[in-house]
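Only one structure is covered here, and it is reproduced in the block below.
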Amino acid sequence: MLKTHGTRFVGKVAVLTASTEGIGLAIARRLGQEKAKVVVSSRKQENVEKAVETLRKEDIEAIGVKCHVSNAEERANLLSEAVKKFGGVDILVSMAGVNPYIGSIVDCPESAWDKAFNINLKSSFLMTKEVIPLMRKQGGGSILYMSSIAAFMETVVLGPYGTSKLGLSRLAKDFAYNLALENIRVNCVASGPINTNFMSNIALVDEFKDVLNYKMPMKRMGTVEEIAGPAAFLLSDDASYITGETLIVAGEMPSRA
């Protein structure tokens, strides 16, 4: 039976980075199902076109823009296209993330460290700064960063990734504090292992298999829809009194007390 959702995002415009597959596309779909107008983006034009076609076939009002989050001109174009097509930006979902290194942090090359922080953390900082003036014009907005359970657990092989993702929780708190009186909320979702292409290499690592078998009560990876639902909640007015928080959605994986 096809699930139906509410209409919490009628009249809202949502811009999502790195959102043409996996969790990003699932969140775009969920927001669109609840009547948001969505702007998806990706580094590759063909992926953008495919995602837009998929969403439109589901009667979701969507456009797509090619955008590499490390490129200032492409970030500016992403936001300007949203304004040009839909009149403003009410929601930002910062999804872009990479895991350029699997192994001991002791041996992590500087280039991998820099890439993890530039894409996973710096891009969210810059996108937020650039979208704030647009949200002020709208009278408020909601911003969501995509973090990871790796930010809150000991891991032998995901040090740079987890450290950069933990920075998103701090970034959310700092922006939330400074924007609280302007009706702009900023939150984080820290996802557990989700069955996506992104997880394919990590899933082969022995440490991950041990976590799944011995440290995770549900003993399974989550689905993209199981992240999209909580993300939509945090972005909606149902969460109007929640800002600066990180919601862990990870099947009871060990994280924080």
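Chain labels follow the order of the structure tokens: the first chain is A, the next B, and so on; residue numbering restarts at 1 in every chain, and ligands are counted from 1 in their shown order.
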
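The residue set within 8 Å of Thr7 (chain A), counting only C-alpha atoms and dropping same-chain residues fewer than 5 places from it, reads Gln33, Glu34 and Lys35 of chain A.
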
Taking only C-alpha atoms into account, produce a table as JSON lines in which each residue of region 34-124 of chain A with an atom at most 12 Å from an atom of region 189-192 of chain A appears once, together with its shortest atom pair and the distance in Å to one decimal, ordered by chain and rising number.
```
{"residue": "A:Val93", "atom": "CA", "partner": "A:Val189", "partner_atom": "CA", "distance": 10.4}
{"residue": "A:Ser94", "atom": "CA", "partner": "A:Val189", "partner_atom": "CA", "distance": 10.6}
{"residue": "A:Met95", "atom": "CA", "partner": "A:Val189", "partner_atom": "CA", "distance": 10.3}
```

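Distances here use only C-alpha atoms; by that measure, the residue among A:Leu134, A:Ile119, A:Asn197, A:Cys108 closest to Val156 (chain A) is A:Cys108.
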
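Restricting the calculation to only C-alpha atoms, the smallest distance between Ile27 (chain A) and any of A:Met253, A:Ile184, A:Leu168, A:Leu234 is found for A:Leu234.
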
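For region 31-158 of chain A, a DSSP pass over the backbone yields strand (DSSP E) at Lys37, Val38, Val39, Val40, Ser41, Ser42, Ala62, Ile63, Gly64, Val65, Lys66, Ile91, Leu92, Val93, Ser94, Gly141, Ser142, Ile143, Leu144, Tyr145, Met146, Ser147 and Ser148 of chain A.
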
inquiry  = Quick one: residues within 10 Å of Ile102 (chain A), only C-alpha atoms, excluding same-chain residues fewer than 2 positions away - as a list in words?
reply    = Asn99, Pro100, Ser104, Ile105, Asp107, Cys108, Ala112, Val156, Val157, Leu158, Gly159, Pro160, Tyr161, Asn201, Ile202 and Val205 of chain A

Using the selection just defined, write its residues with C-alpha atoms as a PDB file, in the first residue's frame.
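Final output, result.pdb:
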```pdb
ATOM      1  CA  ASN A  99      34.957   9.621   3.002  1.00  0.00           C
ATOM      2  CA  PRO A 100      38.315   9.910   1.236  1.00  0.00           C
ATOM      3  CA  SER A 104      44.130   4.494  10.946  1.00  0.00           C
ATOM      4  CA  ILE A 105      44.117   8.238  11.515  1.00  0.00           C
ATOM      5  CA  ASP A 107      48.491   7.212   8.675  1.00  0.00           C
ATOM      6  CA  CYS A 108      45.916   9.596   7.182  1.00  0.00           C
ATOM      7  CA  ALA A 112      42.459  13.198   2.636  1.00  0.00           C
ATOM      8  CA  VAL A 156      39.557   2.642  13.948  1.00  0.00           C
ATOM      9  CA  VAL A 157      39.068   3.381  10.260  1.00  0.00           C
ATOM     10  CA  LEU A 158      36.837   6.481   9.957  1.00  0.00           C
ATOM     11  CA  GLY A 159      38.725   9.092  11.972  1.00  0.00           C
ATOM     12  CA  PRO A 160      38.797  12.049   9.527  1.00  0.00           C
ATOM     13  CA  TYR A 161      35.230  11.360   8.384  1.00  0.00           C
ATOM     14  CA  ASN A 201      33.075   0.301   0.593  1.00  0.00           C
ATOM     15  CA  ILE A 202      32.632   0.774   4.335  1.00  0.00           C
ATOM     16  CA  VAL A 205      35.495  -3.422   6.331  1.00  0.00           C
TER      17      VAL A 205
END
```

message = Just the number, please: distance in Å from CA of Leu144 (chain A) to CA of Val186 (chain A), one decimal.
response =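 About the pair CA of Leu144 (chain A) and CA of Val186 (chain A): they are 5.8 Å apart.
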
task = Taking the DSSP assignment computed from this structure's backbone, write out as number ranges by chain all residues of region 36-156 of chain A that belong to helix (DSSP H, G or I).
result = A: 45-57, 72-86, 105-107, 110-138, 149-151

ask   = Could you name the residues that touch Ser169 (chain A) at 9 Å or less, counting only C-alpha atoms, but leaving out those on the same chain fewer than 2 positions away, as a list in words?
value =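 My reading of the contact set: Tyr145, Ser147, Ala151, Lys165, Leu166, Gly167, Leu171, Ala172, Lys173, Asp174, Asn187, Cys188, Val189, Ala190, Gly244, Glu245 and Thr246 of chain A.
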
Output for the residues just chosen: C-alpha atoms as a short mmCIF file (atom, residue, chain, number, x, y, z; two decimals), in the first residue's frame:
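File part-v9.cif, as written:
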```
data_model
loop_
_atom_site.label_atom_id
_atom_site.label_comp_id
_atom_site.auth_asym_id
_atom_site.auth_seq_id
_atom_site.Cartn_x
_atom_site.Cartn_y
_atom_site.Cartn_z
CA TYR A 145 23.02 19.13 8.13
CA SER A 147 26.03 14.06 10.07
CA ALA A 151 30.89 11.30 14.84
CA LYS A 165 30.96 15.11 10.82
CA LEU A 166 31.15 15.88 14.53
CA GLY A 167 32.01 19.43 13.54
CA LEU A 171 28.26 24.25 13.56
CA ALA A 172 24.52 23.69 13.99
CA LYS A 173 24.66 24.92 17.58
CA ASP A 174 26.64 28.03 16.67
CA ASN A 187 19.66 21.12 13.19
CA CYS A 188 21.54 17.94 12.40
CA VAL A 189 20.67 14.32 11.69
CA ALA A 190 23.38 11.78 12.48
CA GLY A 244 20.87 23.51 17.50
CA GLU A 245 20.27 19.80 18.09
CA THR A 246 21.62 16.58 16.58
#
```

message = Let me make sure I understand: among A:Lys12, A:Lys66, A:Arg185, A:Arg220, which one has the smallest atom-to-atom distance to Ile242 (chain A) if we use only C-alpha atoms?
response = A:Arg185

ask   = Within 8 Å of Glu61 (chain A), counting only C-alpha atoms, which residues qualify if same-chain residues fewer than 2 places away don't, as a PyMOL selection string?
value = chain A and resi 32+35-38+55-56+59+63

Neighbours of Arg43 (chain A) within 7 Å (only C-alpha atoms; same-chain residues fewer than 2 positions away dropped), as a PDB file with N, CA, C and O atoms, in the first residue's frame?
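Output saved as out-v8.pdb:
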```
ATOM      1  N   GLN A  45      25.803  16.598 -14.209  1.00  0.00           N
ATOM      2  CA  GLN A  45      24.570  17.029 -14.835  1.00  0.00           C
ATOM      3  C   GLN A  45      23.638  15.860 -15.133  1.00  0.00           C
ATOM      4  O   GLN A  45      22.421  15.972 -14.960  1.00  0.00           O
ATOM      5  N   LYS A  66      23.255  21.695 -11.491  1.00  0.00           N
ATOM      6  CA  LYS A  66      24.589  21.135 -11.298  1.00  0.00           C
ATOM      7  C   LYS A  66      25.343  22.008 -10.303  1.00  0.00           C
ATOM      8  O   LYS A  66      25.452  23.212 -10.465  1.00  0.00           O
ATOM      9  N   CYS A  67      25.864  21.388  -9.252  1.00  0.00           N
ATOM     10  CA  CYS A  67      26.558  22.172  -8.228  1.00  0.00           C
ATOM     11  C   CYS A  67      27.579  21.319  -7.493  1.00  0.00           C
ATOM     12  O   CYS A  67      27.234  20.306  -6.868  1.00  0.00           O
ATOM     13  N   HIS A  68      28.833  21.727  -7.565  1.00  0.00           N
ATOM     14  CA  HIS A  68      29.879  21.166  -6.708  1.00  0.00           C
ATOM     15  C   HIS A  68      30.021  22.128  -5.536  1.00  0.00           C
ATOM     16  O   HIS A  68      30.322  23.304  -5.723  1.00  0.00           O
TER      17      HIS A  68
END
```

ask   = If you measure from CA of Val65 (chain A) to CA of Gly88 (chain A), what distance in Å do you get, rounded to one decimal?
value =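 Atom-to-atom, CA of Val65 (chain A) to CA of Gly88 (chain A), that is 15.2 Å.
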
ask   = Excluding same-chain residues fewer than 6 positions from Pro193 (chain A), what lies within 7 Å of it counting only C-alpha atoms, as a list in words?
value =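 Near Pro193 (chain A), the qualifying residues are Met221, Gly222 and Ala250 of chain A.
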